[in-house]
Amino acid sequence: MSEPSLFAPLTVGSLRLRNRIVIAPMCQYSATDGCMTDWHLIHLGNLALSGAALLTIEATAVVPEGRITYADVGLWNDATEASIYRTLESIRRWSDMPVAIQLAHAGRKASTQVPWKGGAQLPSANPGGWQTVAPSPLAFGPEDNPPIALDADGLAHVRDAFAAAARRAARLGIDAVQIHGAHGYLLHQFLSPLSNRRDDEYGGSLANRMRFPLEVFDAVRAAFPPERPVTMRISGTDWVEGGWDVEQSIAFAQALETRGCSAMHVSSGGLDPRQDIPLAPGYQVPLARAVREATAMPVVAVGLITGFDQAEAIVANGDADMVALARTILYDPRWPWHAAAHLGATVRAPAQYLRSQPRQYRHLFEVEGSAED
Ligand SMILES: Cc1cc2nc3c(=O)[nH]c(=O)nc-3n(C[C@H](O)[C@H](O)[C@H](O)COP(=O)(O)O)c2cc1C
């Protein structure tokens, strides 16, 4: 039986992926002053035993005002760095899954309540809220506080903070950085003509709207060890007429590729409440395919990928090089085991769990720490 495409290894820079299943970044809203807590050890530790190829740490704010909520993880000082160190040190003792981190700034979508308490924006007068910043003083929703437009000093501060966080990530031994350019957060706010109304060199033409996100990419790339991948997550479209779209996404991806970007992760939406999303299984996969056809970088597809055959087909058909799972792998943290069993592949399992291998899948498990490498 030929090896399933979903379980073919892939090398990206110094990153060696055992299969094509990556764990998407997922905010847990469980940090204290930007510091990871025991929840992150439980949550990430569990996912690190899933058999996926790569674990991505949630959107991690590069400055406190770049958090979506007061309970987001950050990486802006020694205390936040130490909290991630403690979490990773424990996880690495028991799992050799490579770890990426998503570096982020929420821009005008910052300063909100945690989702399970409604997720509304908190005014700056609220103890859990603060004044937001963005490319232009345009609020996300009609009820939201208008952000303050970033001036030259503000732009430099954010750019430097991304680079400083990348240096801390490098020191933590993190294997790859994903820059968050999707879902209507700060960098996406620069890209989209709906949220960027600047009349300086950072607004107007596509080249101008891409300028700040590309500067952030360059700063992060320069701050992170050259052999370790720096990648970008984008929204392939705003799903709003006159907004960011797939053609602009391709131009952005091509500009990133010439600057040394290692991979693109293609999601969509999040910028404008008027978005009209055609929700269906794999609805964002065509966006990933379009970016993949226009560049030579590996591309990750994400969004309502839940089935083993569905995921296998996405990689086998060349729609994308990898699939990312978010809700699916929270619901079923052993999804990669089940996919391997279904497709006739093998998957890593910790020695402590080897006795769980079902009788009918006698060759399913590779033992953690005992394979070729
Ligand atoms: C609990 C939760 C937290 C999320 N946090 C992030 C995040 O930190 N960064 C990000 O880019 N996307 C985030 N997302 C979006 C997911 O990464 C993913 O793109 C989306 O859920 C679609 O994939 P799915 O259908 O497999 O869930 C989050 C999604 C969920 C469900």
# chains A, B, ... in the order shown; residues from 1 in each chain; ligands from 1
>>> closest_atom_pairs(of="range 241-320 of chain A", to="range 97-119 of chain A", cutoff="12 Å", atoms="only C-alpha atoms", output="tab-separated table")
residue	atom	partner	partner_atom	distance
A:His265	CA	A:Gln102	CA	11.2
A:Gly270	CA	A:Lys109	CA	9.7
A:Leu271	CA	A:Lys109	CA	9.1
A:Asp272	CA	A:Lys109	CA	10.7
A:Pro273	CA	A:Lys109	CA	11.7
>>> closest_atom_pairs(of="chain A", to="ligand 1", cutoff="6 Å", atoms="only C-alpha atoms and all ligand atoms", output="CSV")
residue,atom,partner,partner_atom_place_in_ligand_line,distance
A:Ala24,CA,ligand 1,17 (O),4.5
A:Pro25,CA,ligand 1,7 (C),4.5
A:Met26,CA,ligand 1,5 (N),3.2
A:Cys27,CA,ligand 1,5 (N),3.9
A:Glu58,CA,ligand 1,8 (O),4.1
A:Ala59,CA,ligand 1,8 (O),3.7
A:Ser267,CA,ligand 1,19 (O),5.9
A:Val302,CA,ligand 1,23 (O),5.3
A:Gly303,CA,ligand 1,23 (O),3.6
A:Leu304,CA,ligand 1,25 (O),3.5
A:Ile305,CA,ligand 1,26 (O),5.6
A:Leu325,CA,ligand 1,26 (O),4.0
A:Ala326,CA,ligand 1,26 (O),3.7
A:Arg327,CA,ligand 1,27 (O),3.7
A:Thr328,CA,ligand 1,26 (O),5.3
>>> write_last_selection(atoms="N, CA and C atoms", output="CSV table (one decimal), in the first residue's frame")
chain,number,residue,atom,x,y,z
A,24,ALA,N,-3.3,24.3,14.5
A,24,ALA,CA,-3.4,25.7,14.3
A,24,ALA,C,-3.3,26.5,15.6
A,25,PRO,N,-2.9,27.7,15.5
A,25,PRO,CA,-2.8,28.5,16.8
A,25,PRO,C,-4.2,28.7,17.3
A,26,MET,N,-4.4,28.6,18.6
A,26,MET,CA,-5.7,28.7,19.3
A,26,MET,C,-5.6,29.4,20.6
A,27,CYS,N,-6.0,30.7,20.6
A,27,CYS,CA,-6.1,31.5,21.9
A,27,CYS,C,-6.8,30.7,23.0
A,58,GLU,N,-0.6,29.6,20.5
A,58,GLU,CA,-1.7,30.6,20.2
A,58,GLU,C,-1.1,32.0,19.9
A,59,ALA,N,-2.0,32.9,19.3
A,59,ALA,CA,-1.6,34.3,19.1
A,59,ALA,C,-1.0,34.9,20.3
A,267,SER,N,-5.9,31.4,5.7
A,267,SER,CA,-7.2,31.4,6.3
A,267,SER,C,-8.1,32.5,5.6
A,302,VAL,N,-6.6,25.5,5.9
A,302,VAL,CA,-7.2,25.4,7.2
A,302,VAL,C,-8.7,25.8,7.1
A,303,GLY,N,-9.5,25.3,8.0
A,303,GLY,CA,-10.9,25.7,8.1
A,303,GLY,C,-11.8,24.5,7.7
A,304,LEU,N,-12.6,24.0,8.7
A,304,LEU,CA,-13.5,23.0,8.5
A,304,LEU,C,-12.9,21.8,7.8
A,305,ILE,N,-11.7,21.4,8.2
A,305,ILE,CA,-11.1,20.2,7.7
A,305,ILE,C,-11.3,19.2,8.9
A,325,LEU,N,-5.4,22.0,11.8
A,325,LEU,CA,-6.7,21.7,12.5
A,325,LEU,C,-6.8,22.6,13.7
A,326,ALA,N,-8.0,23.1,14.0
A,326,ALA,CA,-8.2,23.9,15.2
A,326,ALA,C,-9.3,23.2,16.0
A,327,ARG,N,-10.6,23.5,15.7
A,327,ARG,CA,-11.6,22.9,16.5
A,327,ARG,C,-11.6,21.4,16.5
A,328,THR,N,-11.3,20.8,15.3
A,328,THR,CA,-11.3,19.4,15.2
A,328,THR,C,-10.3,18.7,16.2
>>> residues_around(residues="Pro127 in chain A", least_positions_apart="2", cutoff="12 Å", atoms="only C-alpha atoms", output="list in words")
Thr69, Tyr70, Ser111, Thr112, Gln113, Leu122, Pro123, Ser124, Ala125, Gly129, Trp130 and Gln131 of chain A
>>> atom_distance(atom1="CA of Gln284 in chain A", atom2="CA of Met297 in chain A")
17.7 Å
>>> closest_atom_pairs(of="range 243-361 of chain A", to="range 178-194 of chain A", cutoff="12 Å", atoms="only C-alpha atoms", output="CSV")
residue,atom,partner,partner_atom,distance
A:Gly243,CA,A:Leu194,CA,5.7
A:Trp244,CA,A:Ser192,CA,4.9
A:Asp245,CA,A:Ser192,CA,8.6
A:Val246,CA,A:Ser192,CA,11.6
A:Gln248,CA,A:Leu191,CA,8.8
A:Ser249,CA,A:Leu191,CA,9.2
A:Ala251,CA,A:Leu191,CA,11.2
A:Phe252,CA,A:Leu191,CA,8.9
A:Ala253,CA,A:Gly181,CA,11.2
A:Leu256,CA,A:Ile179,CA,11.5
A:Cys261,CA,A:Gln178,CA,9.9
A:Ser262,CA,A:Gln178,CA,9.7
A:Ala263,CA,A:Gln178,CA,8.9
A:Met264,CA,A:Gln178,CA,8.8
A:His265,CA,A:Gln178,CA,8.6
A:Val266,CA,A:Ala182,CA,8.3
A:Ser267,CA,A:Ala182,CA,6.9
A:Ser268,CA,A:His183,CA,6.4
A:Gly269,CA,A:His183,CA,5.4
A:Gly270,CA,A:His183,CA,4.0
A:Leu271,CA,A:Gly184,CA,3.6
A:Asp272,CA,A:Gly184,CA,7.3
A:Pro273,CA,A:Gly184,CA,10.0
A:Arg274,CA,A:Leu194,CA,11.0
A:Gln275,CA,A:Gly184,CA,11.1
A:Val300,CA,A:Gln178,CA,11.7
>>> residues_around(residues="Leu10 in chain A", least_positions_apart="5", cutoff="8 Å", atoms="only C-alpha atoms", output="mmCIF file with N, CA, C and O atoms, in the first residue's frame")
data_model
loop_
_atom_site.group_PDB
_atom_site.id
_atom_site.type_symbol
_atom_site.label_atom_id
_atom_site.label_comp_id
_atom_site.auth_asym_id
_atom_site.auth_seq_id
_atom_site.Cartn_x
_atom_site.Cartn_y
_atom_site.Cartn_z
ATOM 1 N N ARG A 16 11.732 19.642 10.602
ATOM 2 C CA ARG A 16 11.446 18.343 9.993
ATOM 3 C C ARG A 16 10.073 17.893 10.469
ATOM 4 O O ARG A 16 9.883 17.587 11.649
ATOM 5 N N LEU A 17 9.143 17.877 9.546
ATOM 6 C CA LEU A 17 7.759 17.536 9.882
ATOM 7 C C LEU A 17 7.519 16.077 9.546
ATOM 8 O O LEU A 17 7.801 15.640 8.427
ATOM 9 N N ARG A 18 6.969 15.330 10.501
ATOM 10 C CA ARG A 18 6.778 13.887 10.298
ATOM 11 C C ARG A 18 5.583 13.587 9.412
ATOM 12 O O ARG A 18 5.443 12.500 8.886
ATOM 13 N N ASN A 19 4.647 14.531 9.342
ATOM 14 C CA ASN A 19 3.478 14.356 8.486
ATOM 15 C C ASN A 19 2.967 15.745 8.126
ATOM 16 O O ASN A 19 3.664 16.745 8.364
ATOM 17 N N ARG A 20 1.796 15.839 7.567
ATOM 18 C CA ARG A 20 1.296 17.116 7.039
ATOM 19 C C ARG A 20 0.200 17.734 7.914
ATOM 20 O O ARG A 20 -0.527 18.617 7.462
#
>>> closest_residue(among="A:Leu206, A:Val22, A:Leu75, A:Val240", to="Ile277 in chain A", atoms="only C-alpha atoms")
A:Val240
>>> residues_around(residues="Phe7 in chain A", least_positions_apart="3", cutoff="12 Å", atoms="only C-alpha atoms", output="NGL selection string")
:A and (2-4 or 10 or 17-22 or 51-53 or 308 or 311-313 or 315-316 or 321-323 or 336-337 or 339-348)
>>> write_last_selection(atoms="N, CA, C and O atoms", output="compact mmCIF listing (two decimals), in the first residue's frame")
# COMPACT_ATOMS: atom_id res chain seq x y z
N SER A 2 0.61 2.19 -0.90
CA SER A 2 1.48 3.37 -0.97
C SER A 2 1.22 4.27 0.24
O SER A 2 0.14 4.28 0.82
N GLU A 3 2.26 5.04 0.58
CA GLU A 3 2.16 5.89 1.76
C GLU A 3 1.14 7.00 1.52
O GLU A 3 1.16 7.66 0.49
N PRO A 4 0.25 7.22 2.47
CA PRO A 4 -0.71 8.30 2.28
C PRO A 4 0.02 9.65 2.24
O PRO A 4 1.00 9.85 2.96
N LEU A 10 7.98 16.17 5.54
CA LEU A 10 8.27 17.41 4.80
C LEU A 10 9.31 18.18 5.58
O LEU A 10 9.23 18.27 6.81
N LEU A 17 9.14 17.88 9.55
CA LEU A 17 7.76 17.54 9.88
C LEU A 17 7.52 16.08 9.55
O LEU A 17 7.80 15.64 8.43
N ARG A 18 6.97 15.33 10.50
CA ARG A 18 6.78 13.89 10.30
C ARG A 18 5.58 13.59 9.41
O ARG A 18 5.44 12.50 8.89
N ASN A 19 4.65 14.53 9.34
CA ASN A 19 3.48 14.36 8.49
C ASN A 19 2.97 15.75 8.13
O ASN A 19 3.66 16.74 8.36
N ARG A 20 1.80 15.84 7.57
CA ARG A 20 1.30 17.12 7.04
C ARG A 20 0.20 17.73 7.91
O ARG A 20 -0.53 18.62 7.46
N ILE A 21 0.10 17.25 9.14
CA ILE A 21 -0.96 17.73 10.03
C ILE A 21 -0.36 18.73 11.01
O ILE A 21 0.51 18.37 11.81
N VAL A 22 -0.82 19.98 10.96
CA VAL A 22 -0.31 20.97 11.91
C VAL A 22 -1.45 21.44 12.82
O VAL A 22 -2.62 21.49 12.40
N GLY A 51 0.39 13.31 17.92
CA GLY A 51 0.91 12.72 16.69
C GLY A 51 0.93 13.68 15.51
O GLY A 51 1.34 13.31 14.41
N ALA A 52 0.48 14.93 15.70
CA ALA A 52 0.58 15.93 14.62
C ALA A 52 2.05 16.26 14.39
O ALA A 52 2.93 15.91 15.19
N ALA A 53 2.31 16.98 13.29
CA ALA A 53 3.70 17.28 12.92
C ALA A 53 4.23 18.53 13.61
O ALA A 53 5.44 18.67 13.78
N PHE A 308 -10.75 12.37 7.59
CA PHE A 308 -9.44 11.80 7.25
C PHE A 308 -9.24 11.79 5.73
O PHE A 308 -8.19 12.19 5.23
N ALA A 311 -8.82 15.37 4.39
CA ALA A 311 -7.47 15.91 4.61
C ALA A 311 -6.47 15.26 3.66
O ALA A 311 -5.62 15.93 3.07
N GLU A 312 -6.59 13.95 3.51
CA GLU A 312 -5.69 13.23 2.59
C GLU A 312 -5.84 13.78 1.16
O GLU A 312 -4.84 14.02 0.48
N ALA A 313 -7.07 14.03 0.74
CA ALA A 313 -7.31 14.52 -0.63
C ALA A 313 -6.72 15.92 -0.83
O ALA A 313 -6.17 16.22 -1.89
N VAL A 315 -4.05 17.20 0.45
CA VAL A 315 -2.60 17.11 0.22
C VAL A 315 -2.33 16.34 -1.08
O VAL A 315 -1.53 16.76 -1.90
N ALA A 316 -3.05 15.22 -1.27
CA ALA A 316 -2.79 14.38 -2.46
C ALA A 316 -3.11 15.13 -3.75
O ALA A 316 -2.41 14.98 -4.75
N ASP A 321 0.07 21.90 0.91
CA ASP A 321 1.12 20.97 1.35
C ASP A 321 0.84 20.40 2.72
O ASP A 321 1.35 19.34 3.08
N MET A 322 0.08 21.17 3.51
CA MET A 322 -0.25 20.75 4.87
C MET A 322 -1.69 21.15 5.18
O MET A 322 -2.21 22.08 4.56
N VAL A 323 -2.28 20.48 6.16
CA VAL A 323 -3.58 20.92 6.66
C VAL A 323 -3.40 21.32 8.13
O VAL A 323 -2.63 20.70 8.86
N PRO A 336 -4.89 12.73 14.72
CA PRO A 336 -3.83 12.18 13.85
C PRO A 336 -3.66 10.67 14.02
O PRO A 336 -3.34 9.98 13.04
N TRP A 337 -3.89 10.14 15.21
CA TRP A 337 -3.82 8.68 15.39
C TRP A 337 -4.92 8.01 14.56
O TRP A 337 -4.69 7.03 13.87
N ALA A 339 -6.51 9.20 12.02
CA ALA A 339 -6.26 9.40 10.59
C ALA A 339 -5.23 8.37 10.11
O ALA A 339 -5.40 7.77 9.04
N ALA A 340 -4.17 8.18 10.90
CA ALA A 340 -3.14 7.20 10.51
C ALA A 340 -3.74 5.80 10.44
O ALA A 340 -3.47 5.04 9.50
N ALA A 341 -4.57 5.47 11.42
CA ALA A 341 -5.20 4.14 11.42
C ALA A 341 -6.08 3.99 10.18
O ALA A 341 -6.03 2.98 9.47
N HIS A 342 -6.87 5.01 9.89
CA HIS A 342 -7.80 4.96 8.76
C HIS A 342 -7.06 4.85 7.43
O HIS A 342 -7.49 4.12 6.54
N LEU A 343 -5.94 5.59 7.31
CA LEU A 343 -5.25 5.66 6.02
C LEU A 343 -4.13 4.61 5.90
O LEU A 343 -3.46 4.54 4.88
N GLY A 344 -3.89 3.85 6.96
CA GLY A 344 -2.86 2.82 6.90
C GLY A 344 -1.46 3.35 7.05
O GLY A 344 -0.51 2.81 6.48
N ALA A 345 -1.31 4.41 7.83
CA ALA A 345 0.02 4.99 8.07
C ALA A 345 0.46 4.67 9.50
O ALA A 345 -0.25 3.99 10.25
N THR A 346 1.65 5.18 9.85
CA THR A 346 2.10 5.04 11.24
C THR A 346 2.18 6.42 11.87
O THR A 346 2.26 7.44 11.17
N VAL A 347 2.16 6.47 13.20
CA VAL A 347 2.13 7.74 13.91
C VAL A 347 2.88 7.60 15.22
O VAL A 347 2.94 6.51 15.80
N ARG A 348 3.46 8.72 15.68
CA ARG A 348 4.17 8.71 16.96
C ARG A 348 3.21 8.58 18.13
O ARG A 348 2.17 9.25 18.16
>>> residues_around(residues="Glu293 in chain A", least_positions_apart="5", cutoff="10 Å", atoms="only C-alpha atoms", output="PyMOL selection string")
chain A and resi 250+288+299+318-320
>>> closest_residue(among="A:Val73, A:Leu55, A:Ile68, A:Ala156", to="Ser95 in chain A", atoms="only C-alpha atoms")
A:Leu55
